[in-house]
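*Asks:* Next comes the structure file my_file_9.csv, holding CSV, C-alpha atoms.
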```csv
chain,number,residue,atom,x,y,z
A,1,MET,CA,-16.1,-146.9,147.3
A,2,ASN,CA,-14.7,-148.0,143.9
A,3,ASN,CA,-17.3,-150.2,142.2
A,4,ARG,CA,-15.1,-150.7,139.1
A,5,HIS,CA,-14.7,-154.3,138.2
A,6,LEU,CA,-12.4,-155.9,135.6
A,7,VAL,CA,-13.6,-158.9,133.8
A,8,GLU,CA,-11.0,-161.2,132.4
A,9,ARG,CA,-11.4,-161.7,128.6
A,10,PRO,CA,-10.2,-165.3,128.5
A,11,LYS,CA,-10.4,-165.9,124.8
A,12,TYR,CA,-8.5,-162.7,123.9
A,13,LEU,CA,-6.0,-163.2,126.7
A,14,SER,CA,-5.4,-166.8,125.6
A,15,LEU,CA,-4.6,-165.7,122.1
A,16,LEU,CA,-2.1,-163.2,123.3
A,17,GLN,CA,-0.4,-165.8,125.6
A,18,ARG,CA,-0.3,-168.4,122.8
A,19,THR,CA,1.3,-166.0,120.3
A,20,SER,CA,3.7,-164.3,122.7
A,21,GLU,CA,6.5,-166.7,121.7
A,22,GLN,CA,5.9,-166.2,118.0
A,23,HIS,CA,7.8,-163.7,116.0
A,24,LEU,CA,4.7,-161.8,114.9
A,25,ILE,CA,3.3,-158.4,115.6
A,26,LYS,CA,0.2,-158.8,117.7
A,27,VAL,CA,-2.5,-156.4,116.5
A,28,VAL,CA,-5.6,-155.9,118.7
A,29,SER,CA,-8.3,-154.0,116.8
A,30,GLY,CA,-11.7,-153.0,118.0
A,31,VAL,CA,-14.1,-150.1,118.5
A,32,ARG,CA,-13.2,-147.5,121.1
A,33,ARG,CA,-13.7,-148.5,124.8
A,34,CYS,CA,-14.3,-152.2,124.0
A,35,GLY,CA,-11.5,-153.1,126.4
A,36,LYS,CA,-8.3,-153.2,124.4
A,37,SER,CA,-6.2,-151.2,126.8
A,38,THR,CA,-7.4,-153.3,129.8
A,39,LEU,CA,-6.5,-156.4,127.9
A,40,LEU,CA,-3.0,-155.3,127.4
A,41,GLU,CA,-2.7,-154.4,131.1
A,42,MET,CA,-4.0,-157.9,132.0
A,43,PHE,CA,-1.6,-159.6,129.7
A,44,ALA,CA,1.3,-157.5,131.1
A,45,ASP,CA,0.2,-158.7,134.6
A,46,SER,CA,0.2,-162.3,133.5
A,47,LEU,CA,3.7,-161.9,132.1
A,48,ILE,CA,4.9,-160.6,135.5
A,49,GLU,CA,3.1,-163.4,137.3
A,50,ASN,CA,5.0,-165.9,135.1
A,51,GLY,CA,8.4,-164.4,136.0
A,52,CYS,CA,8.9,-161.6,133.5
A,53,GLY,CA,10.5,-158.5,135.1
A,54,SER,CA,8.5,-155.3,135.1
A,55,GLU,CA,11.5,-153.5,133.5
A,56,GLN,CA,11.1,-155.8,130.5
A,57,ILE,CA,7.6,-154.3,129.8
A,58,GLN,CA,6.9,-150.9,128.2
A,59,LEU,CA,3.3,-149.8,127.8
A,60,TYR,CA,2.4,-146.6,125.9
A,61,ASN,CA,-1.1,-145.2,125.4
A,62,PHE,CA,-0.9,-142.6,122.6
A,63,GLU,CA,-4.2,-141.2,123.6
A,64,ASP,CA,-2.4,-139.9,126.7
A,65,PRO,CA,-1.1,-136.3,126.1
A,66,ASP,CA,2.0,-137.0,128.2
A,67,VAL,CA,2.9,-140.0,126.0
A,68,PHE,CA,1.9,-138.3,122.8
A,69,SER,CA,4.3,-135.5,123.6
A,70,LEU,CA,7.2,-137.8,123.2
A,71,GLY,CA,7.3,-136.5,119.6
A,72,ASP,CA,7.5,-138.1,116.1
A,73,TRP,CA,7.9,-141.8,115.4
A,74,LYS,CA,11.7,-141.6,115.5
A,75,GLN,CA,11.8,-139.9,119.0
A,76,VAL,CA,9.3,-142.5,120.3
A,77,TYR,CA,11.5,-145.3,118.7
A,78,ASP,CA,14.7,-143.9,120.3
A,79,HIS,CA,12.9,-143.5,123.7
A,80,ILE,CA,11.7,-147.2,123.6
A,81,SER,CA,15.0,-148.5,122.3
A,82,ASN,CA,17.0,-146.8,125.0
A,83,LYS,CA,14.9,-148.6,127.7
A,84,LEU,CA,15.2,-152.1,126.2
A,85,ILE,CA,16.9,-154.7,128.5
A,86,PRO,CA,19.8,-156.4,126.6
A,87,GLU,CA,19.9,-160.2,126.5
A,88,LYS,CA,16.2,-160.4,127.5
A,89,MET,CA,12.9,-160.4,125.7
A,90,ASN,CA,11.2,-157.1,126.0
A,91,TYR,CA,7.4,-156.6,125.6
A,92,VAL,CA,6.4,-153.3,124.0
A,93,PHE,CA,2.7,-152.3,124.0
A,94,LEU,CA,1.7,-149.5,121.7
A,95,ASP,CA,-1.9,-148.5,122.5
A,96,GLU,CA,-3.8,-146.5,119.8
A,97,VAL,CA,-0.5,-146.3,117.9
A,98,GLN,CA,-2.2,-144.8,114.8
A,99,ASN,CA,-2.1,-141.4,116.6
A,100,ILE,CA,1.7,-141.2,115.9
A,101,GLN,CA,2.5,-139.9,112.4
A,102,SER,CA,4.3,-142.5,110.3
A,103,PHE,CA,3.6,-145.1,113.1
A,104,GLU,CA,4.3,-147.8,110.5
A,105,ARG,CA,8.0,-147.1,110.6
A,106,LEU,CA,8.0,-147.1,114.4
A,107,VAL,CA,6.3,-150.6,114.5
A,108,ASP,CA,8.5,-152.0,111.8
A,109,GLY,CA,11.7,-150.7,113.4
A,110,LEU,CA,10.8,-152.3,116.8
A,111,PHE,CA,9.7,-155.5,115.1
A,112,ILE,CA,13.1,-156.2,113.5
A,113,LYS,CA,14.8,-156.2,116.9
A,114,LYS,CA,15.4,-159.7,118.0
A,115,ASN,CA,14.6,-159.0,121.7
A,116,CYS,CA,11.4,-157.1,121.1
A,117,ASP,CA,7.9,-158.5,121.2
A,118,VAL,CA,5.5,-155.9,119.8
A,119,TYR,CA,1.8,-155.5,120.5
A,120,ILE,CA,-0.3,-152.7,119.0
A,121,THR,CA,-3.9,-151.6,119.2
A,122,GLY,CA,-6.1,-149.4,117.1
A,123,SER,CA,-9.8,-148.3,117.0
A,124,ASN,CA,-10.4,-148.3,113.3
A,125,ALA,CA,-9.7,-150.2,110.1
A,126,TYR,CA,-7.0,-147.7,109.0
A,127,LEU,CA,-4.6,-149.5,111.3
A,128,LEU,CA,-4.2,-152.4,108.9
A,129,SER,CA,-4.6,-150.5,105.7
A,130,GLY,CA,-2.1,-148.8,103.4
A,131,GLU,CA,1.6,-148.9,104.2
A,132,LEU,CA,1.4,-150.9,107.4
A,133,ALA,CA,-0.4,-153.8,105.8
A,134,THR,CA,2.2,-153.8,103.0
A,135,LEU,CA,5.1,-153.6,105.5
A,136,LEU,CA,3.7,-156.3,107.8
A,137,THR,CA,2.3,-158.8,105.2
A,138,GLY,CA,2.7,-162.3,106.8
A,139,ARG,CA,4.2,-160.8,109.9
A,140,TYR,CA,1.3,-160.0,112.1
A,141,PHE,CA,-1.5,-161.7,113.9
A,142,GLU,CA,-4.8,-159.8,114.3
A,143,ILE,CA,-7.2,-160.2,117.2
A,144,SER,CA,-10.5,-158.5,116.5
A,145,MET,CA,-12.0,-157.4,119.8
A,146,THR,CA,-15.6,-156.5,120.6
A,147,PRO,CA,-17.4,-155.4,123.8
A,148,PHE,CA,-18.5,-158.0,126.3
A,149,SER,CA,-20.1,-161.2,125.0
A,150,PHE,CA,-23.1,-162.4,126.9
A,151,ALA,CA,-20.9,-164.8,128.8
A,152,GLU,CA,-18.5,-162.0,129.8
A,153,TYR,CA,-21.4,-159.8,130.7
A,154,SER,CA,-22.8,-162.5,133.0
A,155,SER,CA,-19.4,-162.8,134.6
A,156,PHE,CA,-19.4,-159.1,135.2
A,157,LEU,CA,-22.8,-159.3,136.9
A,158,ALA,CA,-21.6,-162.1,139.1
A,159,MET,CA,-18.7,-160.0,140.4
A,160,ASP,CA,-21.0,-157.5,142.2
A,161,GLU,CA,-23.8,-158.6,144.4
A,162,HIS,CA,-25.2,-155.1,144.4
A,163,SER,CA,-25.3,-154.4,140.7
A,164,VAL,CA,-28.4,-152.7,139.2
A,165,GLN,CA,-29.5,-156.0,137.9
A,166,ASN,CA,-28.8,-158.0,141.0
A,167,SER,CA,-29.4,-155.6,143.9
A,168,GLU,CA,-30.6,-156.7,147.3
A,169,ASN,CA,-34.0,-155.4,146.6
A,170,SER,CA,-34.4,-157.4,143.4
A,171,PRO,CA,-34.8,-161.1,142.8
A,172,LYS,CA,-32.1,-163.0,141.0
A,173,LEU,CA,-32.6,-162.7,137.3
A,174,SER,CA,-33.0,-165.7,135.1
A,175,LYS,CA,-30.7,-166.2,132.2
A,176,THR,CA,-33.4,-165.0,129.8
A,177,GLU,CA,-34.0,-161.9,131.8
A,178,SER,CA,-30.2,-161.2,132.0
A,179,LEU,CA,-30.0,-161.6,128.2
A,180,ALA,CA,-32.8,-159.1,127.8
A,181,ASN,CA,-30.8,-156.6,129.9
A,182,TYR,CA,-27.7,-157.3,127.9
A,183,LEU,CA,-29.6,-156.6,124.7
A,184,TYR,CA,-30.7,-153.3,126.2
A,185,TYR,CA,-27.6,-152.0,128.2
A,186,GLY,CA,-25.0,-153.5,125.9
A,187,GLY,CA,-21.6,-154.8,126.7
A,188,ILE,CA,-19.2,-151.8,126.8
A,189,PRO,CA,-17.1,-152.5,129.9
A,190,GLU,CA,-16.9,-149.1,131.4
A,191,ALA,CA,-20.5,-148.3,130.6
A,192,ASN,CA,-21.5,-151.3,132.7
A,193,ASN,CA,-19.3,-150.2,135.5
A,194,LEU,CA,-21.0,-146.8,135.5
A,195,LEU,CA,-24.4,-148.4,135.3
A,196,LEU,CA,-23.8,-149.6,138.9
A,197,GLN,CA,-24.0,-145.9,139.8
A,198,GLY,CA,-26.9,-144.9,137.5
A,199,ILE,CA,-28.0,-145.2,133.9
A,200,ASP,CA,-27.7,-141.5,133.4
A,201,LEU,CA,-23.9,-141.7,134.0
A,202,SER,CA,-23.6,-144.8,131.8
A,203,ASP,CA,-25.6,-143.2,128.9
A,204,ALA,CA,-23.6,-140.0,129.1
A,205,PHE,CA,-20.4,-142.1,128.8
A,206,VAL,CA,-21.7,-144.0,125.8
A,207,ARG,CA,-22.8,-140.8,124.1
A,208,GLY,CA,-19.3,-139.4,124.7
A,209,VAL,CA,-17.6,-142.5,123.2
A,210,LEU,CA,-19.9,-142.4,120.2
A,211,ASN,CA,-19.3,-138.7,119.6
A,212,THR,CA,-15.5,-139.3,119.9
A,213,ILE,CA,-15.7,-142.0,117.3
A,214,ILE,CA,-17.6,-139.7,114.9
A,215,GLU,CA,-15.4,-136.7,115.5
A,216,LYS,CA,-11.9,-138.4,115.8
A,217,ASP,CA,-12.3,-141.5,113.6
A,218,ILE,CA,-14.5,-140.2,110.9
A,219,TYR,CA,-14.7,-136.4,110.6
A,220,THR,CA,-11.0,-135.9,111.1
A,221,ARG,CA,-10.1,-138.6,108.5
A,222,GLN,CA,-12.7,-138.2,105.8
A,223,ARG,CA,-14.0,-135.4,103.7
A,224,ILE,CA,-17.7,-135.2,104.6
A,225,ASN,CA,-19.3,-132.3,102.7
A,226,ASN,CA,-22.9,-133.1,103.9
A,227,LYS,CA,-22.8,-133.7,107.6
A,228,PRO,CA,-26.6,-133.5,108.0
A,229,ALA,CA,-26.9,-136.4,105.5
A,230,PHE,CA,-24.2,-138.3,107.2
A,231,GLU,CA,-25.9,-137.9,110.6
A,232,LYS,CA,-29.1,-139.3,109.1
A,233,ILE,CA,-27.3,-142.2,107.6
A,234,ILE,CA,-26.0,-143.1,111.0
A,235,ASP,CA,-29.6,-143.1,112.3
A,236,TYR,CA,-30.9,-145.0,109.3
A,237,SER,CA,-28.2,-147.7,109.5
A,238,PHE,CA,-28.5,-148.0,113.3
A,239,ASP,CA,-32.3,-148.4,113.0
A,240,SER,CA,-32.0,-151.0,110.2
A,241,ILE,CA,-29.9,-153.7,111.9
A,242,GLY,CA,-30.9,-157.1,110.6
A,243,SER,CA,-32.6,-155.6,107.5
A,244,LEU,CA,-31.3,-155.8,104.0
A,245,VAL,CA,-29.8,-152.5,103.1
A,246,SER,CA,-28.2,-150.9,100.0
A,247,PRO,CA,-26.8,-147.5,99.2
A,248,THR,CA,-29.7,-147.1,96.7
A,249,SER,CA,-32.4,-147.8,99.3
A,250,ILE,CA,-30.7,-145.3,101.8
A,251,ALA,CA,-30.4,-142.6,99.1
A,252,ASN,CA,-34.1,-143.1,98.0
A,253,THR,CA,-35.3,-143.1,101.6
A,254,LEU,CA,-33.4,-139.9,102.7
A,255,THR,CA,-34.3,-138.1,99.4
A,256,SER,CA,-38.0,-138.9,100.0
A,257,MET,CA,-37.6,-137.4,103.5
A,258,GLY,CA,-36.2,-134.2,102.1
A,259,THR,CA,-32.4,-134.9,102.4
A,260,LYS,CA,-31.1,-135.3,98.9
A,261,VAL,CA,-28.1,-137.7,98.7
A,262,ASP,CA,-27.0,-140.0,95.8
A,263,LYS,CA,-26.1,-143.6,96.2
A,264,GLN,CA,-22.4,-143.1,95.8
A,265,ILE,CA,-22.3,-140.7,98.7
A,266,ALA,CA,-24.5,-143.1,100.8
A,267,ALA,CA,-22.1,-146.0,100.0
A,268,ALA,CA,-19.1,-143.9,101.1
A,269,TYR,CA,-20.7,-142.8,104.3
A,270,LEU,CA,-21.7,-146.4,105.1
A,271,SER,CA,-18.1,-147.5,104.6
A,272,TYR,CA,-16.9,-144.8,107.0
A,273,LEU,CA,-19.0,-146.3,109.7
A,274,VAL,CA,-17.7,-149.7,108.9
A,275,ASP,CA,-14.1,-148.5,109.0
A,276,ALA,CA,-14.7,-146.9,112.4
A,277,LEU,CA,-15.8,-150.4,113.6
A,278,LEU,CA,-19.2,-149.1,114.6
A,279,LEU,CA,-21.0,-151.1,111.9
A,280,TYR,CA,-20.2,-154.6,110.6
A,281,ARG,CA,-21.2,-155.3,107.0
A,282,VAL,CA,-22.3,-158.9,106.3
A,283,PRO,CA,-22.6,-160.1,102.7
A,284,ARG,CA,-25.3,-162.4,101.4
A,285,TYR,CA,-24.4,-166.0,100.3
A,286,GLU,CA,-26.3,-168.0,97.7
A,287,ILE,CA,-26.6,-171.4,99.4
A,288,LYS,CA,-27.4,-173.4,96.3
A,289,GLY,CA,-25.0,-171.5,94.0
A,290,LYS,CA,-22.3,-171.3,96.6
A,291,GLY,CA,-21.3,-167.7,95.9
A,292,LEU,CA,-21.5,-164.2,97.3
A,293,LEU,CA,-24.2,-161.9,96.0
A,294,GLN,CA,-23.2,-158.3,95.1
A,295,THR,CA,-26.3,-156.4,96.4
A,296,LEU,CA,-28.3,-155.9,99.6
A,297,ASP,CA,-26.0,-156.6,102.6
A,298,LYS,CA,-27.0,-156.5,106.2
A,299,PHE,CA,-25.3,-154.3,108.8
A,300,TYR,CA,-25.0,-154.9,112.6
A,301,VAL,CA,-24.0,-152.3,115.2
A,302,VAL,CA,-21.0,-153.3,117.4
A,303,ASP,CA,-22.9,-152.6,120.6
A,304,PRO,CA,-26.7,-152.0,121.3
A,305,ALA,CA,-25.8,-149.2,123.8
A,306,PHE,CA,-24.7,-147.0,120.9
A,307,ARG,CA,-27.9,-147.6,119.1
A,308,ARG,CA,-30.0,-147.0,122.2
A,309,VAL,CA,-28.5,-143.7,123.1
A,310,ARG,CA,-28.4,-142.5,119.5
A,311,LEU,CA,-32.0,-143.4,118.7
A,312,GLY,CA,-33.6,-143.1,122.2
A,313,LYS,CA,-34.9,-146.7,122.1
A,314,LYS,CA,-36.9,-147.9,125.0
A,315,SER,CA,-36.5,-151.2,126.8
A,316,GLY,CA,-38.2,-154.1,125.0
A,317,SER,CA,-38.3,-152.4,121.6
A,318,ASP,CA,-36.9,-154.2,118.5
A,319,ILE,CA,-35.8,-157.1,120.7
A,320,GLY,CA,-36.0,-159.5,117.7
A,321,HIS,CA,-33.5,-157.4,115.7
A,322,LEU,CA,-31.3,-156.9,118.8
A,323,LEU,CA,-31.2,-160.6,119.4
A,324,GLU,CA,-30.1,-161.2,115.8
A,325,ASN,CA,-27.5,-158.5,116.2
A,326,ALA,CA,-26.1,-160.2,119.4
A,327,VAL,CA,-26.1,-163.7,117.7
A,328,TYR,CA,-24.2,-162.3,114.8
A,329,PHE,CA,-21.3,-161.1,117.1
A,330,GLU,CA,-21.4,-164.3,119.1
A,331,LEU,CA,-21.0,-166.3,115.8
A,332,CYS,CA,-18.1,-164.0,114.8
A,333,ARG,CA,-16.4,-165.0,118.1
A,334,ARG,CA,-16.7,-168.7,117.2
A,335,TYR,CA,-16.4,-168.9,113.5
A,336,PRO,CA,-14.0,-167.3,110.9
A,337,SER,CA,-16.7,-166.8,108.3
A,338,VAL,CA,-20.3,-165.5,109.0
A,339,ARG,CA,-22.6,-164.6,106.1
A,340,ILE,CA,-26.3,-164.1,105.4
A,341,GLY,CA,-27.9,-167.1,103.5
A,342,LYS,CA,-30.2,-166.9,100.5
A,343,LEU,CA,-32.0,-169.8,99.0
A,344,LYS,CA,-34.4,-168.9,96.2
A,345,ASP,CA,-36.8,-166.4,97.7
A,346,MET,CA,-36.0,-167.4,101.3
A,347,GLU,CA,-33.4,-166.1,103.7
A,348,VAL,CA,-31.4,-168.0,106.3
A,349,ASP,CA,-30.1,-165.6,109.0
A,350,PHE,CA,-26.6,-166.9,109.1
A,351,VAL,CA,-24.4,-169.3,107.2
A,352,VAL,CA,-21.1,-170.0,109.1
A,353,VAL,CA,-18.0,-171.9,108.2
A,354,ASP,CA,-15.6,-173.2,110.9
A,355,SER,CA,-11.8,-173.3,110.7
A,356,GLU,CA,-11.9,-176.8,109.2
A,357,GLY,CA,-14.3,-175.7,106.4
A,358,TYR,CA,-17.5,-177.2,107.8
A,359,THR,CA,-20.7,-175.3,107.3
A,360,SER,CA,-23.6,-174.8,109.7
A,361,TYR,CA,-26.9,-172.8,109.4
A,362,TYR,CA,-28.5,-170.6,112.1
A,363,GLN,CA,-32.0,-169.1,112.2
A,364,VAL,CA,-32.8,-166.5,115.0
A,365,ALA,CA,-36.3,-165.7,116.4
A,366,TYR,CA,-37.3,-164.0,119.6
A,367,GLN,CA,-40.1,-166.5,120.2
A,368,ALA,CA,-41.4,-169.5,118.2
A,369,MET,CA,-43.8,-171.2,120.5
A,370,ASP,CA,-46.7,-170.4,118.2
A,371,ASP,CA,-47.0,-173.1,115.6
A,372,THR,CA,-47.3,-170.6,112.7
A,373,VAL,CA,-44.2,-168.7,113.8
A,374,LEU,CA,-42.3,-171.9,114.3
A,375,GLU,CA,-43.2,-173.2,110.8
A,376,ARG,CA,-42.2,-169.9,109.3
A,377,GLU,CA,-38.8,-170.0,111.0
A,378,LEU,CA,-38.1,-173.6,110.2
A,379,LEU,CA,-39.1,-173.3,106.5
A,380,PRO,CA,-35.8,-171.9,105.2
A,381,LEU,CA,-33.8,-174.5,107.1
A,382,ARG,CA,-35.9,-177.3,105.8
A,383,ALA,CA,-35.4,-176.1,102.3
A,384,ILE,CA,-31.7,-176.7,102.6
A,385,LYS,CA,-31.1,-180.2,101.3
A,386,ASP,CA,-27.6,-180.8,102.6
A,387,SER,CA,-26.8,-182.6,105.8
A,388,ASN,CA,-24.9,-179.8,107.6
A,389,PRO,CA,-26.1,-178.9,111.1
A,390,LYS,CA,-29.1,-176.5,111.3
A,391,TYR,CA,-30.1,-174.5,114.4
A,392,LEU,CA,-33.1,-172.4,115.5
A,393,LEU,CA,-32.1,-170.0,118.3
A,394,THR,CA,-34.9,-168.5,120.4
A,395,MET,CA,-35.7,-167.3,123.9
A,396,ASP,CA,-38.2,-170.1,124.3
A,397,VAL,CA,-37.8,-172.8,126.9
A,398,ASP,CA,-39.6,-175.9,125.7
A,399,ASN,CA,-39.4,-179.7,125.5
A,400,LYS,CA,-39.3,-180.1,121.8
A,401,PRO,CA,-35.6,-179.5,120.9
A,402,VAL,CA,-35.5,-181.3,117.5
A,403,PHE,CA,-37.6,-180.9,114.4
A,404,GLU,CA,-36.6,-183.1,111.5
A,405,GLY,CA,-32.9,-182.8,112.4
A,406,ILE,CA,-33.1,-179.1,113.1
A,407,ARG,CA,-32.1,-178.3,116.7
A,408,LYS,CA,-34.0,-175.7,118.5
A,409,LEU,CA,-31.9,-174.1,121.3
A,410,ASN,CA,-32.5,-171.6,124.0
A,411,VAL,CA,-30.3,-168.7,122.9
A,412,ALA,CA,-29.2,-167.7,126.4
A,413,ASP,CA,-28.0,-171.2,127.0
A,414,TRP,CA,-26.3,-171.3,123.6
A,415,MET,CA,-24.5,-168.0,124.3
A,416,LEU,CA,-23.2,-169.3,127.7
A,417,ASN,CA,-22.0,-172.6,126.4
A,418,ASP,CA,-18.9,-172.9,124.3
A,419,ALA,CA,-18.4,-169.2,124.8
```
I'd like the structure from this file rewritten - as structure tokens, please.

*Replies:*
Amino acid sequence: MNNRHLVERPKYLSLLQRTSEQHLIKVVSGVRRCGKSTLLEMFADSLIENGCGSEQIQLYNFEDPDVFSLGDWKQVYDHISNKLIPEKMNYVFLDEVQNIQSFERLVDGLFIKKNCDVYITGSNAYLLSGELATLLTGRYFEISMTPFSFAEYSSFLAMDEHSVQNSENSPKLSKTESLANYLYYGGIPEANNLLLQGIDLSDAFVRGVLNTIIEKDIYTRQRINNKPAFEKIIDYSFDSIGSLVSPTSIANTLTSMGTKVDKQIAAAYLSYLVDALLLYRVPRYEIKGKGLLQTLDKFYVVDPAFRRVRLGKKSGSDIGHLLENAVYFELCRRYPSVRIGKLKDMEVDFVVVDSEGYTSYYQVAYQAMDDTVLERELLPLRAIKDSNPKYLLTMDVDNKPVFEGIRKLNVADWMLNDA
């Protein structure tokens, strides 16, 4: 019996549908196995449902050896061109196109055809760097994709009455319990499909994806002379989500543990993890001075499953940092700008700016029912003297939602609303 379930990704699908009539190259970027290929397949299906002929759609996955064997960019270009239907719009999907040498010329050659709507995906930041970015300036629309949000994860669970979280032998989980599972198991689509058959299969899959990212997206592209040090920097950065980190602090910590590495190498190795879309770097913002600070960023891991299998974390450990990690990515789905806030010697977890330029502030805590903890979490928000919205997100369920204009929200409800 096939237990594999496909969850529609409505926000991403809507963006593809809304831009399909625009003369822009649609670029879907995201970490490996976050669902990019499935998204393209779903979009192709929606085109057919709306009257597009299947012969007008060409989909190529350049991770597939049979497709990759088409040859260099010009041979691929000729192959695609020969299949285009004259007098009709053709939809060309190039999945993991960076695997083709000189793929920039392939993409640009197809883009200039009047009856060709081009969609490309890639699993690292190199896709939109260098020559392609220069060629396509002002001519592309990027969709940054991540694994399941909590709302999408909840939709996935609802699709199978016999999932590991909702089996016949288990009571229905509350939203808070489901969120705790999400923070533990993560949101990688295929890993959750495999989880229905056992966590051992799911974890083996996640380890395989992580190893592929390290080998294919980092080791084959970058000169890493000290692989033991790089491996330790992976562990250090994964273990430090939600903490202020600098290349100097990493270098000093590793050197004190017997692995000598200088801060320039640490900075380079961190950037490789960011370019592979495993880590997201978040700068600090001086709230009063209204400017970015140059030192001590925070890093968040794109999915907690990578961290769990890499570090061997047990259920329930580091839940506060994992919650902050999940809130960061949820904010990124909703706002174009997300930063860490600093006000004198205090820190605000997130300062966000919406598409119209309005600012909001978010503080995240696992629990804040204790008065001392509550006051500690509210203090940085109270210190901000402007009238912009301020929120405290926790897993608490209580009857005191507002404190001097600061709204305290249940984080599970918040993630499921406006998602």

*Asks:* To one decimal in Å, tell me the separation between CA of Leu173 (chain A) and CA of Tyr300 (chain A).

*Replies:* 27.0 Å

*Asks:* So, with all atoms listed in the file as the atoms that count, which of A:Leu16, A:Leu296, A:Val31, A:Leu254 lies closest to Val118 (chain A)?

*Replies:*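 Distance minimum relative to Val118 (chain A) lands on A:Leu16.
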
*Asks:* Counting all atoms listed in the file, figure out which residue out of A:Glu41, A:Glu215, A:Glu96, A:Asp275 gets nearest to Asp64 (chain A).

*Replies:*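 Answer, going by the shortest atom-to-atom distance: A:Glu96.
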
*Asks:* Could you pull the residues within 6 Å of Val352 (chain A), counting all atoms listed in the file, minus those fewer than 3 positions along the same chain, as a PDB file with C-alpha atoms, keeping the file's coordinate frame?

*Replies:*
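Everything below was put into around_30.pdb:
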```pdb
ATOM      1  CA  SER A 337     -16.700-166.800 108.300  1.00  0.00           C
ATOM      2  CA  VAL A 338     -20.300-165.500 109.000  1.00  0.00           C
ATOM      3  CA  THR A 359     -20.700-175.300 107.300  1.00  0.00           C
ATOM      4  CA  SER A 360     -23.600-174.800 109.700  1.00  0.00           C
TER       5      SER A 360
END
```

*Asks:* Kindly indicate which residue among A:Asp66, A:Glu104, A:Asp303, A:Glu49 lies nearest to Met145 (chain A), using only C-alpha atoms for the distances.

*Replies:* A:Asp303

*Asks:* Could you check which residues have any atom within 9 Å of (-35.0, -180.8, 111.1), counting all atoms listed in the file with coordinates taken straight from the file, and then list them as a PyMOL selection string?

*Replies:* chain A and resi 378+381-382+390-391+402-407

*Asks:* Find the residue from A:Asp398, A:Asp371, A:Asp386, A:Glu286 that sits nearest to Phe350 (chain A); use all atoms listed in the file when measuring.

*Replies:*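 Of all the options, A:Glu286 lies closest to Phe350 (chain A).
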
*Asks:* So, with only C-alpha atoms as the atoms that count, which of A:Pro10, A:Gly51, A:Gly71, A:Gly242 lies closest to Ser155 (chain A)?

*Replies:*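 Distance minimum relative to Ser155 (chain A) lands on A:Pro10.
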
*Asks:* Which distance in Å separates CA of Val27 (chain A) and CA of Asp72 (chain A), to one decimal?

*Replies:*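 Result for CA of Val27 (chain A) versus CA of Asp72 (chain A): 20.9 Å, one decimal.
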
*Asks:* I'd like to know which of A:Thr134, A:Ser355, A:Ser46, A:Gln56 is closest to Tyr335 (chain A), using all atoms listed in the file.

*Replies:* A:Ser355

*Asks:* Report, in Å to a single decimal, how far apart CA of Trp73 (chain A) and CA of Ser102 (chain A) are.

*Replies:*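 Calculated distance between CA of Ser102 (chain A) and CA of Trp73 (chain A) is 6.3 Å.
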
*Asks:* With only C-alpha atoms as the counted atoms, please give the residues lying no more than 9 Å from Ala305 (chain A), apart from itself and same-chain residues fewer than 5 positions off, as a count of residues only.

*Replies:* 11

*Asks:* Excluding Thr121 (chain A) and its own-chain neighbours fewer than 6 positions away, which residues fall within 9 Å of it when counting all atoms listed in the file? Please give them as a list in words.

*Replies:*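 These residues fall inside the cut-off: Lys26, Val27, Val28, Ser29, Gly30, Lys36, Ser37, Phe93, Leu94, Asp95, Glu96, Val97, Gln98 and Leu127 of chain A.
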
*Asks:* Within 9 Å of (4.5, -157.0, 115.8), all atoms listed in the file: residues as a JSON list (two decimals) with C-alpha atoms, keeping the file's coordinate frame?

*Replies:*
```json
[["chain", "number", "residue", "atom", "x", "y", "z"],
["A", 23, "HIS", "CA", 7.80, -163.70, 116.00],
["A", 24, "LEU", "CA", 4.70, -161.80, 114.90],
["A", 25, "ILE", "CA", 3.30, -158.40, 115.60],
["A", 26, "LYS", "CA", 0.20, -158.80, 117.70],
["A", 27, "VAL", "CA", -2.50, -156.40, 116.50],
["A", 107, "VAL", "CA", 6.30, -150.60, 114.50],
["A", 108, "ASP", "CA", 8.50, -152.00, 111.80],
["A", 110, "LEU", "CA", 10.80, -152.30, 116.80],
["A", 111, "PHE", "CA", 9.70, -155.50, 115.10],
["A", 112, "ILE", "CA", 13.10, -156.20, 113.50],
["A", 116, "CYS", "CA", 11.40, -157.10, 121.10],
["A", 117, "ASP", "CA", 7.90, -158.50, 121.20],
["A", 118, "VAL", "CA", 5.50, -155.90, 119.80],
["A", 119, "TYR", "CA", 1.80, -155.50, 120.50],
["A", 120, "ILE", "CA", -0.30, -152.70, 119.00],
["A", 136, "LEU", "CA", 3.70, -156.30, 107.80],
["A", 139, "ARG", "CA", 4.20, -160.80, 109.90],
["A", 140, "TYR", "CA", 1.30, -160.00, 112.10],
["A", 141, "PHE", "CA", -1.50, -161.70, 113.90]]
```

*Asks:* Give me, as a count of residues only, all polymer residues having an atom no more than 10 Å from Arg32 (chain A), counting only C-alpha atoms and skipping those fewer than 2 positions away in the same chain.

*Replies:* 21

*Asks:* Would you pick out the contacts of region 77-84 of chain A at 10 Å or less, using all atoms listed in the file, so that residues sharing its chain but fewer than 2 positions from it are not included, and give the list as a PyMOL selection string?

*Replies:* chain A and resi 55-60+70-75+86-92+103+105-107+109-110+113+115-116
